[in-house]
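All remarks here apply to the structure that follows.
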Amino acid sequence: CIMNIDDALRKIAAENNFTRLDVGIVTGHDGETYFSATAWGDGIGLHGCTSMNGDTVAEAFANTVRDAGKFRASSIPEIEVELAA
């Protein structure tokens, strides 16, 4: 299913419970440009956001979604269960 950029961004934000989602182009120290995506939401990073880069917009968003998931997974408390023998 091919969707336009508006629908795609809404879908990414909704599926990942992001309150804000940005994409930009950043120039590195070597003069090369790359894409950067930033997501905001509860449980993401130290300040409620995370940003990752990629060679394409899709790669930057995929890296950001993955990184946000790692932050959220690490904030889930561990539960120990003792089973009766």
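Chain lettering (A, B, ...) mirrors the order of the structure tokens, residue numbering begins at 1 for each chain separately, and ligand numbering begins at 1 in order of display.
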Mind checking DSSP for chain A and telling me the strand (DSSP E or B) residues as a list in words? Arg20, Leu21, Asp22, Val23, Gly24, Ile25, Val26, Thr27, Thr33, Tyr34, Phe35, Ser36, Ala37, Thr38, Ala39, Trp40, Cys49, Thr50, Ser51, Met52, Asn53 and Gly54 of chain A
Non-local contacts of Gly69 of chain A (12 Å; only C-alpha atoms; under 6 positions in same chain excluded) as a PyMOL selection string: chain A and resi 15-18+39-45+49-50+62-63+75-76
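For the choices A:Gly31, A:Leu21, A:Arg66, A:Ser36, the atom-to-atom distance to Asp6 of chain A is smallest for A:Leu21 when using only C-alpha atoms.
Residues in contact with Asp22 of chain A at up to 12 Å, not including ones fewer than 3 positions away on its chain and judged by only C-alpha atoms, are A:Leu9, A:Arg10, A:Ile12, A:Ala13, A:Phe18, A:Thr19, A:Ile25, A:Phe35, A:Ser36, A:Ala37, A:Thr38, A:Ala39, A:Trp40, A:Cys49, A:Thr50, A:Ser51, A:Met52, A:Asn53, A:Val57, A:Ala60, A:Phe61, A:Thr64.
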For atom CA of Ala8 of chain A and atom CA of Ala73 of chain A, quote the distance in Å rounded to one decimal. 24.1 Å
Determine which residues of chain A DSSP labels as alpha helix (DSSP H) from the backbone of this structure, then write them out as JSON, numbers by chain. {"A": [5, 6, 7, 8, 9, 10, 11, 12, 13, 14, 15, 57, 58, 59, 60, 61, 62, 63, 64, 65, 66, 67, 68, 69, 70, 71, 72, 73, 74]}
Restricting to only C-alpha atoms, whichever of A:Ala58, A:Ala14, A:Leu46, A:Met3 is closest to Tyr34 of chain A is A:Ala58
